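Chemist: Provided below: data36.pdb, containing PDB, C-alpha atoms.
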ATOM      1  CA  MET W   1       2.194  11.019   3.231  1.00  0.00           C
ATOM      2  CA  ILE W   2       3.182   7.405   3.705  1.00  0.00           C
ATOM      3  CA  GLY W   3       0.462   4.981   4.806  1.00  0.00           C
ATOM      4  CA  TRP W   4       1.871   2.849   7.618  1.00  0.00           C
ATOM      5  CA  PRO W   5       0.923  -0.820   7.455  1.00  0.00           C
ATOM      6  CA  PHE W   6       0.223  -1.177  11.144  1.00  0.00           C
ATOM      7  CA  SER W   7      -2.512   1.424  10.929  1.00  0.00           C
ATOM      8  CA  LYS W   8      -4.503  -0.900   8.648  1.00  0.00           C
ATOM      9  CA  ASN W   9      -7.127  -3.384   9.794  1.00  0.00           C
ATOM     10  CA  GLY W  10      -5.181  -6.218  11.419  1.00  0.00           C
ATOM     11  CA  ASP W  11      -7.556  -8.946  10.186  1.00  0.00           C
ATOM     12  CA  ASP W  12      -7.199  -8.075   6.514  1.00  0.00           C
ATOM     13  CA  ASP W  13      -3.721  -8.929   5.327  1.00  0.00           C
ATOM     14  CA  SER W  14      -4.629  -9.304   1.649  1.00  0.00           C
ATOM     15  CA  GLU W  15      -3.101  -6.004   0.605  1.00  0.00           C
ATOM     16  CA  GLN W  16       0.072  -6.286   2.631  1.00  0.00           C
ATOM     17  CA  GLU W  17       3.489  -7.647   1.811  1.00  0.00           C
ATOM     18  CA  ASN W  18       6.129  -9.336   3.849  1.00  0.00           C
ATOM     19  CA  ARG W  19       9.822  -9.361   2.972  1.00  0.00           C
ATOM     20  CA  HIS W  20      12.368 -11.915   4.228  1.00  0.00           C
ATOM     21  CA  TRP W  21      16.059 -12.454   3.621  1.00  0.00           C
ATOM     22  CA  ALA W  22      16.947 -15.985   2.457  1.00  0.00           C
ATOM     23  CA  SER W  23      20.102 -17.754   1.453  1.00  0.00           C
ATOM     24  CA  SER W  24      18.514 -18.962  -1.802  1.00  0.00           C
ATOM     25  CA  GLU W  25      15.304 -18.974  -3.809  1.00  0.00           C
ATOM     26  CA  GLU W  26      14.735 -22.555  -2.651  1.00  0.00           C
ATOM     27  CA  ASP W  27      14.511 -21.278   0.942  1.00  0.00           C
ATOM     28  CA  CYS W  28      11.841 -18.798  -0.217  1.00  0.00           C
ATOM     29  CA  LYS W  29       9.844 -21.699  -1.654  1.00  0.00           C
ATOM     30  CA  GLU W  30      10.288 -23.685   1.569  1.00  0.00           C
ATOM     31  CA  MET W  31       8.951 -20.752   3.617  1.00  0.00           C
ATOM     32  CA  GLU W  32       6.023 -20.404   1.215  1.00  0.00           C
ATOM     33  CA  LYS W  33       5.100 -24.066   1.724  1.00  0.00           C
ATOM     34  CA  LYS W  34       5.813 -24.201   5.477  1.00  0.00           C
ATOM     35  CA  TYR W  35       3.698 -21.179   6.376  1.00  0.00           C
ATOM     36  CA  GLY W  36       1.113 -21.397   3.593  1.00  0.00           C
ATOM     37  CA  TRP W  37       2.059 -18.037   2.085  1.00  0.00           C
ATOM     38  CA  GLU W  38       2.086 -16.627  -1.423  1.00  0.00           C
ATOM     39  CA  LEU W  39       5.589 -16.034  -2.800  1.00  0.00           C
ATOM     40  CA  LYS W  40       5.267 -13.083  -5.149  1.00  0.00           C
ATOM     41  CA  ARG W  41       8.831 -12.301  -6.012  1.00  0.00           C
ATOM     42  CA  VAL W  42      12.458 -13.181  -5.327  1.00  0.00           C
ATOM     43  CA  GLU W  43      14.952 -10.321  -5.541  1.00  0.00           C
ATOM     44  CA  GLN W  44      18.697 -10.801  -5.693  1.00  0.00           C
ATOM     45  CA  ASN W  45      20.729  -8.956  -3.044  1.00  0.00           C
ATOM     46  CA  GLU W  46      23.617  -7.837  -5.187  1.00  0.00           C
ATOM     47  CA  ASP W  47      25.008  -5.577  -2.468  1.00  0.00           C
ATOM     48  CA  ASP W  48      25.770  -8.586  -0.290  1.00  0.00           C
ATOM     49  CA  SER W  49      28.922 -10.599  -0.692  1.00  0.00           C
ATOM     50  CA  ASP W  50      27.255 -13.980  -1.097  1.00  0.00           C
ATOM     51  CA  LEU W  51      24.488 -12.977  -3.523  1.00  0.00           C
ATOM     52  CA  SER W  52      21.677 -13.889  -1.144  1.00  0.00           C
ATOM     53  CA  VAL W  53      18.039 -13.113  -1.969  1.00  0.00           C
ATOM     54  CA  ASP W  54      15.014 -11.355  -0.492  1.00  0.00           C
ATOM     55  CA  CYS W  55      11.669 -13.169  -0.755  1.00  0.00           C
ATOM     56  CA  VAL W  56       8.547 -11.032  -1.104  1.00  0.00           C
ATOM     57  CA  PHE W  57       5.421 -12.722   0.266  1.00  0.00           C
ATOM     58  CA  LYS W  58       1.836 -11.615   0.330  1.00  0.00           C
ATOM     59  CA  GLY W  59       0.573 -11.146   3.874  1.00  0.00           C
ATOM     60  CA  LYS W  60       0.854  -9.324   7.111  1.00  0.00           C
ATOM     61  CA  GLN W  61       4.290  -8.043   8.017  1.00  0.00           C
ATOM     62  CA  THR W  62       5.809  -7.771  11.462  1.00  0.00           C
ATOM     63  CA  SER W  63       4.737  -4.443  12.879  1.00  0.00           C
ATOM     64  CA  PHE W  64       7.062  -1.640  13.882  1.00  0.00           C
ATOM     65  CA  TRP W  65       6.245  -2.349  17.526  1.00  0.00           C
ATOM     66  CA  ASP W  66       7.288  -5.990  17.194  1.00  0.00           C
ATOM     67  CA  MET W  67      10.600  -4.781  15.756  1.00  0.00           C
ATOM     68  CA  TRP W  68      11.012  -2.386  18.651  1.00  0.00           C
ATOM     69  CA  GLY W  69      10.372  -5.180  21.163  1.00  0.00           C
ATOM     70  CA  ASP W  70      12.752  -7.566  19.361  1.00  0.00           C
ATOM     71  CA  HIS W  71      15.664  -5.198  19.625  1.00  0.00           C
ATOM     72  CA  GLN W  72      15.273  -4.084  23.232  1.00  0.00           C
ATOM     73  CA  ASP W  73      17.053  -7.239  24.357  1.00  0.00           C
ATOM     74  CA  ASP W  74      19.930  -6.948  21.911  1.00  0.00           C
ATOM     75  CA  PRO W  75      23.388  -6.526  23.463  1.00  0.00           C
ATOM     76  CA  ASP W  76      25.016  -3.300  22.295  1.00  0.00           C
TER      77      ASP W  76
ATOM     78  CA  MET D   1     -18.435 -46.215  -2.494  1.00  0.00           C
ATOM     79  CA  THR D   2     -18.221 -45.611  -6.232  1.00  0.00           C
ATOM     80  CA  GLN D   3     -14.983 -44.708  -7.945  1.00  0.00           C
ATOM     81  CA  THR D   4     -16.263 -41.202  -8.642  1.00  0.00           C
ATOM     82  CA  GLU D   5     -16.875 -40.547  -4.938  1.00  0.00           C
ATOM     83  CA  GLU D   6     -13.388 -41.782  -4.101  1.00  0.00           C
ATOM     84  CA  LEU D   7     -11.878 -39.417  -6.648  1.00  0.00           C
ATOM     85  CA  GLU D   8     -13.793 -36.511  -5.163  1.00  0.00           C
ATOM     86  CA  LEU D   9     -12.525 -37.276  -1.677  1.00  0.00           C
ATOM     87  CA  TYR D  10      -8.885 -37.890  -2.522  1.00  0.00           C
ATOM     88  CA  ASP D  11      -6.898 -34.883  -3.711  1.00  0.00           C
ATOM     89  CA  PRO D  12      -3.381 -36.035  -4.661  1.00  0.00           C
ATOM     90  CA  LEU D  13      -2.386 -32.402  -5.212  1.00  0.00           C
ATOM     91  CA  ALA D  14      -3.629 -31.136  -1.855  1.00  0.00           C
ATOM     92  CA  SER D  15      -0.113 -30.145  -0.777  1.00  0.00           C
ATOM     93  CA  LYS D  16       0.804 -28.531  -4.089  1.00  0.00           C
ATOM     94  CA  SER D  17       0.832 -24.804  -4.715  1.00  0.00           C
ATOM     95  CA  THR D  18      -0.856 -22.713  -7.375  1.00  0.00           C
ATOM     96  CA  LEU D  19       1.207 -20.934 -10.016  1.00  0.00           C
ATOM     97  CA  SER D  20      -0.178 -17.519 -10.906  1.00  0.00           C
ATOM     98  CA  LEU D  21       1.033 -15.849 -14.080  1.00  0.00           C
ATOM     99  CA  TYR D  22       0.351 -12.142 -14.473  1.00  0.00           C
ATOM    100  CA  LEU D  23       0.315 -11.437 -18.198  1.00  0.00           C
ATOM    101  CA  VAL D  24      -0.094  -8.285 -20.228  1.00  0.00           C
ATOM    102  CA  LYS D  25      -3.616  -8.636 -21.652  1.00  0.00           C
ATOM    103  CA  GLU D  26      -4.256  -9.271 -25.346  1.00  0.00           C
ATOM    104  CA  GLN D  27      -3.858  -6.273 -27.676  1.00  0.00           C
ATOM    105  CA  GLU D  28      -1.804  -4.415 -25.046  1.00  0.00           C
ATOM    106  CA  LYS D  29       1.854  -3.668 -25.836  1.00  0.00           C
ATOM    107  CA  TRP D  30       4.348  -6.202 -24.478  1.00  0.00           C
ATOM    108  CA  ILE D  31       7.120  -4.940 -22.223  1.00  0.00           C
ATOM    109  CA  PRO D  32      10.900  -5.099 -22.793  1.00  0.00           C
ATOM    110  CA  ILE D  33      13.084  -7.147 -20.449  1.00  0.00           C
ATOM    111  CA  GLU D  34      16.800  -7.739 -20.406  1.00  0.00           C
ATOM    112  CA  SER D  35      18.951 -10.361 -18.741  1.00  0.00           C
ATOM    113  CA  LYS D  36      22.543 -11.541 -18.913  1.00  0.00           C
ATOM    114  CA  GLU D  37      21.058 -15.020 -19.212  1.00  0.00           C
ATOM    115  CA  LEU D  38      21.446 -15.718 -22.919  1.00  0.00           C
ATOM    116  CA  VAL D  39      18.191 -17.599 -23.276  1.00  0.00           C
ATOM    117  CA  ILE D  40      16.395 -14.444 -22.132  1.00  0.00           C
ATOM    118  CA  GLY D  41      18.727 -11.755 -23.523  1.00  0.00           C
ATOM    119  CA  LYS D  42      16.790  -8.715 -24.663  1.00  0.00           C
ATOM    120  CA  GLN D  43      13.194  -9.380 -25.641  1.00  0.00           C
ATOM    121  CA  LEU D  44       9.579  -8.352 -25.337  1.00  0.00           C
ATOM    122  CA  THR D  45       7.525 -10.303 -22.834  1.00  0.00           C
ATOM    123  CA  ARG D  46       3.950 -10.563 -21.637  1.00  0.00           C
ATOM    124  CA  LEU D  47       4.917 -11.927 -18.238  1.00  0.00           C
ATOM    125  CA  LEU D  48       4.835  -9.168 -15.621  1.00  0.00           C
ATOM    126  CA  GLN D  49       5.052 -11.313 -12.511  1.00  0.00           C
ATOM    127  CA  LEU D  50       4.575 -14.856 -11.290  1.00  0.00           C
ATOM    128  CA  SER D  51       3.789 -16.161  -7.853  1.00  0.00           C
ATOM    129  CA  HIS D  52       3.780 -19.483  -6.004  1.00  0.00           C
ATOM    130  CA  ASP D  53       0.724 -19.622  -3.778  1.00  0.00           C
ATOM    131  CA  SER D  54       0.444 -22.036  -0.832  1.00  0.00           C
ATOM    132  CA  ARG D  55      -2.308 -20.210   1.030  1.00  0.00           C
ATOM    133  CA  PRO D  56      -5.614 -22.008   1.730  1.00  0.00           C
ATOM    134  CA  LEU D  57      -7.268 -22.859  -1.608  1.00  0.00           C
ATOM    135  CA  LEU D  58     -10.092 -20.345  -1.288  1.00  0.00           C
ATOM    136  CA  LYS D  59      -7.600 -17.504  -0.849  1.00  0.00           C
ATOM    137  CA  ARG D  60      -5.544 -18.338  -3.920  1.00  0.00           C
ATOM    138  CA  LYS D  61      -7.797 -16.849  -6.565  1.00  0.00           C
ATOM    139  CA  VAL D  62      -6.288 -13.657  -7.942  1.00  0.00           C
ATOM    140  CA  LYS D  63      -8.838 -10.872  -7.557  1.00  0.00           C
ATOM    141  CA  VAL D  64      -9.876  -8.705 -10.483  1.00  0.00           C
ATOM    142  CA  GLY D  65      -8.838  -5.180  -9.533  1.00  0.00           C
ATOM    143  CA  GLU D  66      -5.616  -6.252  -7.791  1.00  0.00           C
ATOM    144  CA  ARG D  67      -2.840  -3.783  -8.550  1.00  0.00           C
ATOM    145  CA  LEU D  68       0.683  -5.146  -8.954  1.00  0.00           C
ATOM    146  CA  THR D  69       3.298  -3.560  -6.720  1.00  0.00           C
ATOM    147  CA  TYR D  70       7.045  -3.156  -6.718  1.00  0.00           C
ATOM    148  CA  HIS D  71       9.584  -2.482  -3.988  1.00  0.00           C
ATOM    149  CA  VAL D  72      11.868   0.536  -3.845  1.00  0.00           C
ATOM    150  CA  LYS D  73      14.784   0.479  -1.423  1.00  0.00           C
ATOM    151  CA  LYS D  74      14.634   3.314   1.087  1.00  0.00           C
ATOM    152  CA  GLU D  75      17.967   5.039   1.488  1.00  0.00           C
ATOM    153  CA  GLY D  76      19.227   6.292   4.828  1.00  0.00           C
ATOM    154  CA  SER D  77      17.427   3.747   6.993  1.00  0.00           C
ATOM    155  CA  PRO D  78      19.350   1.636   9.533  1.00  0.00           C
ATOM    156  CA  TRP D  79      17.177  -1.305   8.461  1.00  0.00           C
ATOM    157  CA  LYS D  80      16.743  -2.805   5.022  1.00  0.00           C
ATOM    158  CA  ALA D  81      13.594  -0.790   4.497  1.00  0.00           C
ATOM    159  CA  TYR D  82      11.545  -0.784   1.301  1.00  0.00           C
ATOM    160  CA  LEU D  83       8.603   1.199   0.033  1.00  0.00           C
ATOM    161  CA  VAL D  84       5.856  -1.016  -1.392  1.00  0.00           C
ATOM    162  CA  THR D  85       4.744   1.050  -4.352  1.00  0.00           C
ATOM    163  CA  PRO D  86       1.700   0.551  -6.630  1.00  0.00           C
ATOM    164  CA  SER D  87       2.484  -0.051 -10.311  1.00  0.00           C
ATOM    165  CA  ASP D  88       0.390   0.941 -13.340  1.00  0.00           C
ATOM    166  CA  TRP D  89      -0.747  -2.679 -13.816  1.00  0.00           C
ATOM    167  CA  VAL D  90      -4.165  -3.891 -12.669  1.00  0.00           C
ATOM    168  CA  VAL D  91      -5.703  -7.378 -13.035  1.00  0.00           C
ATOM    169  CA  VAL D  92      -8.743  -7.285 -15.344  1.00  0.00           C
ATOM    170  CA  ARG D  93      -9.468 -11.007 -16.093  1.00  0.00           C
ATOM    171  CA  VAL D  94      -8.488 -14.304 -14.467  1.00  0.00           C
ATOM    172  CA  PHE D  95      -8.577 -17.872 -15.859  1.00  0.00           C
ATOM    173  CA  ARG D  96      -7.602 -21.059 -14.071  1.00  0.00           C
ATOM    174  CA  TYR D  97      -6.192 -24.278 -15.556  1.00  0.00           C
ATOM    175  CA  GLU D  98      -6.034 -27.487 -13.532  1.00  0.00           C
ATOM    176  CA  ALA D  99      -3.318 -30.148 -13.759  1.00  0.00           C
ATOM    177  CA  ASP D 100      -4.324 -33.169 -15.859  1.00  0.00           C
ATOM    178  CA  LEU D 101      -3.248 -36.234 -13.896  1.00  0.00           C
ATOM    179  CA  SER D 102      -4.528 -38.760 -16.445  1.00  0.00           C
ATOM    180  CA  GLU D 103      -1.104 -39.270 -17.987  1.00  0.00           C
ATOM    181  CA  VAL D 104       1.082 -38.633 -14.943  1.00  0.00           C
ATOM    182  CA  GLU D 105       3.275 -41.544 -13.927  1.00  0.00           C
ATOM    183  CA  GLY D 106       5.534 -41.292 -10.887  1.00  0.00           C
ATOM    184  CA  ASP D 107       6.254 -37.805  -9.595  1.00  0.00           C
ATOM    185  CA  MET D 108       3.314 -35.519  -9.070  1.00  0.00           C
ATOM    186  CA  PRO D 109       3.404 -32.153 -10.855  1.00  0.00           C
ATOM    187  CA  GLU D 110       4.919 -29.197  -8.994  1.00  0.00           C
ATOM    188  CA  PHE D 111       1.687 -27.173  -9.142  1.00  0.00           C
ATOM    189  CA  ARG D 112      -1.922 -28.204  -8.584  1.00  0.00           C
ATOM    190  CA  ASP D 113      -3.191 -25.539 -10.964  1.00  0.00           C
ATOM    191  CA  VAL D 114      -2.178 -22.466 -12.923  1.00  0.00           C
ATOM    192  CA  GLN D 115      -4.063 -19.229 -13.105  1.00  0.00           C
ATOM    193  CA  ILE D 116      -3.495 -16.507 -15.631  1.00  0.00           C
ATOM    194  CA  ALA D 117      -4.250 -12.998 -14.487  1.00  0.00           C
ATOM    195  CA  TYR D 118      -4.519 -10.604 -17.432  1.00  0.00           C
ATOM    196  CA  CYS D 119      -3.396  -7.086 -16.622  1.00  0.00           C
ATOM    197  CA  GLU D 120      -3.823  -3.689 -18.235  1.00  0.00           C
ATOM    198  CA  ARG D 121      -2.228  -0.337 -17.554  1.00  0.00           C
ATOM    199  CA  GLN D 122      -4.293   1.913 -15.306  1.00  0.00           C
ATOM    200  CA  PRO D 123      -1.893   4.707 -14.307  1.00  0.00           C
ATOM    201  CA  LEU D 124      -2.400   6.490 -11.010  1.00  0.00           C
ATOM    202  CA  MET D 125      -2.092  10.174 -10.217  1.00  0.00           C
ATOM    203  CA  PRO D 126       1.122  10.810  -8.217  1.00  0.00           C
ATOM    204  CA  GLU D 127      -0.871  11.661  -5.076  1.00  0.00           C
ATOM    205  CA  GLU D 128      -2.923   8.450  -5.381  1.00  0.00           C
ATOM    206  CA  ALA D 129       0.274   6.388  -5.742  1.00  0.00           C
ATOM    207  CA  GLU D 130       1.768   8.136  -2.732  1.00  0.00           C
ATOM    208  CA  ALA D 131      -1.309   7.438  -0.601  1.00  0.00           C
ATOM    209  CA  MET D 132      -1.100   3.717  -1.458  1.00  0.00           C
ATOM    210  CA  THR D 133       2.627   3.451  -0.728  1.00  0.00           C
ATOM    211  CA  TYR D 134       3.794   1.978   2.573  1.00  0.00           C
ATOM    212  CA  GLU D 135       7.046   0.905   4.161  1.00  0.00           C
ATOM    213  CA  ILE D 136       8.191  -2.581   5.111  1.00  0.00           C
ATOM    214  CA  VAL D 137      11.465  -3.939   6.433  1.00  0.00           C
ATOM    215  CA  SER D 138      13.302  -7.075   5.399  1.00  0.00           C
ATOM    216  CA  LYS D 139      13.307  -9.752   8.078  1.00  0.00           C
ATOM    217  CA  ILE D 140      15.333 -12.795   8.908  1.00  0.00           C
ATOM    218  CA  SER D 141      14.530 -15.979  10.792  1.00  0.00           C
ATOM    219  CA  VAL D 142      15.922 -19.492  11.012  1.00  0.00           C
ATOM    220  CA  ASP D 143      13.780 -20.344   7.961  1.00  0.00           C
ATOM    221  CA  SER D 144      15.837 -17.860   5.944  1.00  0.00           C
ATOM    222  CA  CYS D 145      18.620 -20.448   6.132  1.00  0.00           C
ATOM    223  CA  GLY D 146      16.385 -23.394   5.258  1.00  0.00           C
ATOM    224  CA  GLY D 147      15.877 -24.220   8.946  1.00  0.00           C
ATOM    225  CA  ASP D 148      19.641 -24.652   9.517  1.00  0.00           C
ATOM    226  CA  ARG D 149      19.991 -23.201  13.033  1.00  0.00           C
ATOM    227  CA  GLU D 150      23.791 -23.253  12.923  1.00  0.00           C
ATOM    228  CA  ALA D 151      23.918 -21.338   9.625  1.00  0.00           C
ATOM    229  CA  TYR D 152      21.354 -18.882  11.018  1.00  0.00           C
ATOM    230  CA  GLN D 153      23.403 -18.198  14.171  1.00  0.00           C
ATOM    231  CA  LYS D 154      26.521 -17.758  12.048  1.00  0.00           C
ATOM    232  CA  PHE D 155      24.707 -15.292   9.799  1.00  0.00           C
ATOM    233  CA  LEU D 156      23.459 -13.310  12.820  1.00  0.00           C
ATOM    234  CA  THR D 157      27.027 -12.671  13.940  1.00  0.00           C
ATOM    235  CA  SER D 158      28.002 -11.325  10.505  1.00  0.00           C
ATOM    236  CA  GLU D 159      28.025  -7.682   9.441  1.00  0.00           C
ATOM    237  CA  GLN D 160      25.705  -8.606   6.612  1.00  0.00           C
ATOM    238  CA  SER D 161      22.870  -9.450   9.027  1.00  0.00           C
ATOM    239  CA  LYS D 162      22.815  -6.059  10.796  1.00  0.00           C
ATOM    240  CA  PRO D 163      20.222  -4.290   8.626  1.00  0.00           C
ATOM    241  CA  TYR D 164      17.776  -7.195   8.922  1.00  0.00           C
ATOM    242  CA  VAL D 165      15.060  -7.397  11.542  1.00  0.00           C
ATOM    243  CA  ARG D 166      14.846 -10.718  13.340  1.00  0.00           C
ATOM    244  CA  VAL D 167      11.467 -12.429  13.704  1.00  0.00           C
TER     245      VAL D 167
END
Would you kindly transcribe this structure into C-alpha cells?

Modeler:
Amino acid sequence: MIGWPFSKNGDDDSEQENRHWASSEEDCKEMEKKYGWELKRVEQNEDDSDLSVDCVFKGKQTSFWDMWGDHQDDPD
Amino acid sequence: MTQTEELELYDPLASKSTLSLYLVKEQEKWIPIESKELVIGKQLTRLLQLSHDSRPLLKRKVKVGERLTYHVKKEGSPWKAYLVTPSDWVVVRVFRYEADLSEVEGDMPEFRDVQIAYCERQPLMPEEAEAMTYEIVSKISVDSCGGDREAYQKFLTSEQSKPYVRV
C-alpha cells in the first residue's frame, strides 16, 4: 500500500519531498535560496528536448487537492 | 562594545547556505559510479548525496537516523509522478565544519558551513520499504524559469509542460 503524503501531519514536513521542473540547476539553487528550502538533488530530464532538470527539495509538497483545484480552471 | 561582541552580532554568512555531504562511513565499501564526464569516468566513491540547505539554521542539522531516498518515475500517470522510495542508507554520525573567514579577501564563500553525514547500509524488508514509499508530482512555477514570466508563459503553451502541475 502506498502512503499518501497528504495523510501525514501537515505541520511536520521534515520527511516529505517536493519536486519542481526548472530550466537549469541554477534555477534550482535560486528557488532554494528564495524560499529557504533544502535542495537535495537535481535530476536531468533526458526525455525532454531541451535537457531541462527536476529539482528535488526537502519539504511539504502541494497536495493532491491543490492540484485538483489548480486544474479546474484550465481551458480544455 | 568590544570587538568580540561585535563579531558575535554580525554574521557575514547569514545569507549563505549549508552544504551537506552524505558519505559512506569509514570501513564500509565505497560505491561505483559512472559518468560520461571524463574527470569522473568510472570510479568508486564515498559520496552518496549532497544538498544545499537554505532553511532556517536550526533546521539544517542532518538528523542521525535519516534515511536517504530516491525517486522512481511512475509509468502510466498523466502527470510527471514519482515514487519517493527509501534507500538502504541511513545517517549514523554527523560532523559540522564552519567556514574560516580569517583569510578571505573579497568574495564571501558560497557556503557558511559544511556538514558530513556518515551513512551505513541498513536494508529494509520489502514490506517496510513499501509502507514508507509515497507519491509526488513534479511541479512548475514562474521560479522554474528563474523568475522570467515570459519564458514561463511560453513554456506553459508547449507540449513539454503538459505533465507538470502548476503551483

Chemist: Contacts of Gln122 of chain D at 9 Å or less, counting all atoms listed in the file, minus same-chain residues fewer than 6 places along, as a list in words?

Modeler: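 Result of the neighbour search: Arg67, Ser87, Asp88, Trp89 and Val90 of chain D.
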
Chemist: Each residue of chain D lying at most 6 Å from chain W should get a row with its shortest atom-to-atom pair and the distance in Å to one decimal, counting all atoms listed in the file; could you produce that, ordered by chain and increasing number, as CSV?

Modeler:
residue,atom,partner,partner_atom,distance
D:Ser51,CA,W:Lys40,CA,4.4
D:His52,CA,W:Leu39,CA,5.0
D:Asp53,CA,W:Glu38,CA,4.0
D:Ser54,CA,W:Gly36,CA,4.5
D:Arg55,CA,W:Gly36,CA,4.4
D:Thr133,CA,W:Ile2,CA,6.0
D:Tyr134,CA,W:Gly3,CA,5.0
D:Ser138,CA,W:Arg19,CA,4.8
D:Lys139,CA,W:His20,CA,4.5
D:Ile140,CA,W:Trp21,CA,5.3
D:Ser144,CA,W:Ala22,CA,4.1
D:Cys145,CA,W:Ser23,CA,5.6
D:Gly146,CA,W:Asp27,CA,5.2

Chemist: Could you take the residues named above and write them with C-alpha atoms, as a PDB file, in the frame of the given file?

Modeler:
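Saved file part.pdb follows:
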ATOM      1  CA  SER D  51       3.789 -16.161  -7.853  1.00  0.00           C
ATOM      2  CA  HIS D  52       3.780 -19.483  -6.004  1.00  0.00           C
ATOM      3  CA  ASP D  53       0.724 -19.622  -3.778  1.00  0.00           C
ATOM      4  CA  SER D  54       0.444 -22.036  -0.832  1.00  0.00           C
ATOM      5  CA  ARG D  55      -2.308 -20.210   1.030  1.00  0.00           C
ATOM      6  CA  THR D 133       2.627   3.451  -0.728  1.00  0.00           C
ATOM      7  CA  TYR D 134       3.794   1.978   2.573  1.00  0.00           C
ATOM      8  CA  SER D 138      13.302  -7.075   5.399  1.00  0.00           C
ATOM      9  CA  LYS D 139      13.307  -9.752   8.078  1.00  0.00           C
ATOM     10  CA  ILE D 140      15.333 -12.795   8.908  1.00  0.00           C
ATOM     11  CA  SER D 144      15.837 -17.860   5.944  1.00  0.00           C
ATOM     12  CA  CYS D 145      18.620 -20.448   6.132  1.00  0.00           C
ATOM     13  CA  GLY D 146      16.385 -23.394   5.258  1.00  0.00           C
TER      14      GLY D 146
END

Chemist: Kindly give the distance, in Å, that separates atom CA of Val94 of chain D and atom CA of Val62 of chain D, rounded to a single decimal.

Modeler: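 Computing the Euclidean distance for atom CA of Val94 of chain D and atom CA of Val62 of chain D yields 6.9 Å.
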
Chemist: As an exercise, work out the distance from atom CA of Thr85 of chain D to atom CA of Lys36 of chain D in Å and give it to one decimal place.

Modeler: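 Straight-line distance from atom CA of Thr85 of chain D to atom CA of Lys36 of chain D works out to 26.2 Å.
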
Chemist: Counting all atoms listed in the file, what is within 7 Å of Pro86 of chain D, bar same-chain residues fewer than 4 positions away, as a list in words?

Modeler: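 Here the qualifying residues turn out to be Arg67, Leu68, Thr69, Tyr70, Ala129, Met132 and Thr133 of chain D.
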
Chemist: Please compute the atom CA of Arg96 of chain D-atom CA of Ala117 of chain D distance, one decimal, in Å.

Modeler: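 Computed distance, atom CA of Arg96 of chain D to atom CA of Ala117 of chain D, equals 8.7 Å.
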
Chemist: So what does the PyMOL selection byres ((chain D and resi 110) around 9) actually pick up in this one, as a list in words?

Modeler: Leu13, Lys16, Ser17, Thr18, Asp107, Met108, Pro109, Phe111 and Arg112 of chain D

Chemist: Looking at only C-alpha atoms, which of D:Ala81, D:Leu21, D:Ala99, D:Leu48 is the one that sits closest to Lys61 of chain D?

Modeler: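 Among the listed residues, the smallest separation from Lys61 of chain D belongs to D:Leu21.
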
Chemist: Determine, counting only C-alpha atoms, every residue of protein, DNA or RNA that lies within 12 Å of (21.0, 0.6, 6.3) in the file coordinates, then give the result as a PyMOL selection string.

Modeler: (chain W and resi 47) or (chain D and resi 73-82+137-138+159-165)

Chemist: Would you save the residues of that selection, restricted to C-alpha atoms, as a compact mmCIF listing (two decimals), keeping the file's coordinate frame?

Modeler:
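And here's result_4.txt as it stands now:
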# COMPACT_ATOMS: atom_id res chain seq x y z
CA ASP W 47 25.01 -5.58 -2.47
CA LYS D 73 14.78 0.48 -1.42
CA LYS D 74 14.63 3.31 1.09
CA GLU D 75 17.97 5.04 1.49
CA GLY D 76 19.23 6.29 4.83
CA SER D 77 17.43 3.75 6.99
CA PRO D 78 19.35 1.64 9.53
CA TRP D 79 17.18 -1.30 8.46
CA LYS D 80 16.74 -2.80 5.02
CA ALA D 81 13.59 -0.79 4.50
CA TYR D 82 11.54 -0.78 1.30
CA VAL D 137 11.46 -3.94 6.43
CA SER D 138 13.30 -7.08 5.40
CA GLU D 159 28.02 -7.68 9.44
CA GLN D 160 25.70 -8.61 6.61
CA SER D 161 22.87 -9.45 9.03
CA LYS D 162 22.82 -6.06 10.80
CA PRO D 163 20.22 -4.29 8.63
CA TYR D 164 17.78 -7.20 8.92
CA VAL D 165 15.06 -7.40 11.54

Chemist: Dump as a tab-separated table (two decimals) with C-alpha atoms, in the coordinates of the input all residues having an atom at most 7 Å from (-2.7, -21.9, -18.2), computed in the file's coordinates with only C-alpha atoms.

Modeler:
chain	number	residue	atom	x	y	z
D	96	ARG	CA	-7.60	-21.06	-14.07
D	97	TYR	CA	-6.19	-24.28	-15.56
D	114	VAL	CA	-2.18	-22.47	-12.92
D	115	GLN	CA	-4.06	-19.23	-13.10
D	116	ILE	CA	-3.50	-16.51	-15.63

Chemist: Starting from the PyMOL selection byres ((chain D and resi 46) around 10), expand the selection into actual residues of this file and give them as a ChimeraX atom specification.

Modeler: /D:21-26,28-33,44-45,47-49,118-119

Chemist: Can I get the selection written as an mmCIF file, in the frame of the given file, with C-alpha atoms?

Modeler:
data_model
loop_
_atom_site.group_PDB
_atom_site.id
_atom_site.type_symbol
_atom_site.label_atom_id
_atom_site.label_comp_id
_atom_site.auth_asym_id
_atom_site.auth_seq_id
_atom_site.Cartn_x
_atom_site.Cartn_y
_atom_site.Cartn_z
ATOM 1 C CA LEU D 21 1.033 -15.849 -14.080
ATOM 2 C CA TYR D 22 0.351 -12.142 -14.473
ATOM 3 C CA LEU D 23 0.315 -11.437 -18.198
ATOM 4 C CA VAL D 24 -0.094 -8.285 -20.228
ATOM 5 C CA LYS D 25 -3.616 -8.636 -21.652
ATOM 6 C CA GLU D 26 -4.256 -9.271 -25.346
ATOM 7 C CA GLU D 28 -1.804 -4.415 -25.046
ATOM 8 C CA LYS D 29 1.854 -3.668 -25.836
ATOM 9 C CA TRP D 30 4.348 -6.202 -24.478
ATOM 10 C CA ILE D 31 7.120 -4.940 -22.223
ATOM 11 C CA PRO D 32 10.900 -5.099 -22.793
ATOM 12 C CA ILE D 33 13.084 -7.147 -20.449
ATOM 13 C CA LEU D 44 9.579 -8.352 -25.337
ATOM 14 C CA THR D 45 7.525 -10.303 -22.834
ATOM 15 C CA LEU D 47 4.917 -11.927 -18.238
ATOM 16 C CA LEU D 48 4.835 -9.168 -15.621
ATOM 17 C CA GLN D 49 5.052 -11.313 -12.511
ATOM 18 C CA TYR D 118 -4.519 -10.604 -17.432
ATOM 19 C CA CYS D 119 -3.396 -7.086 -16.622
#
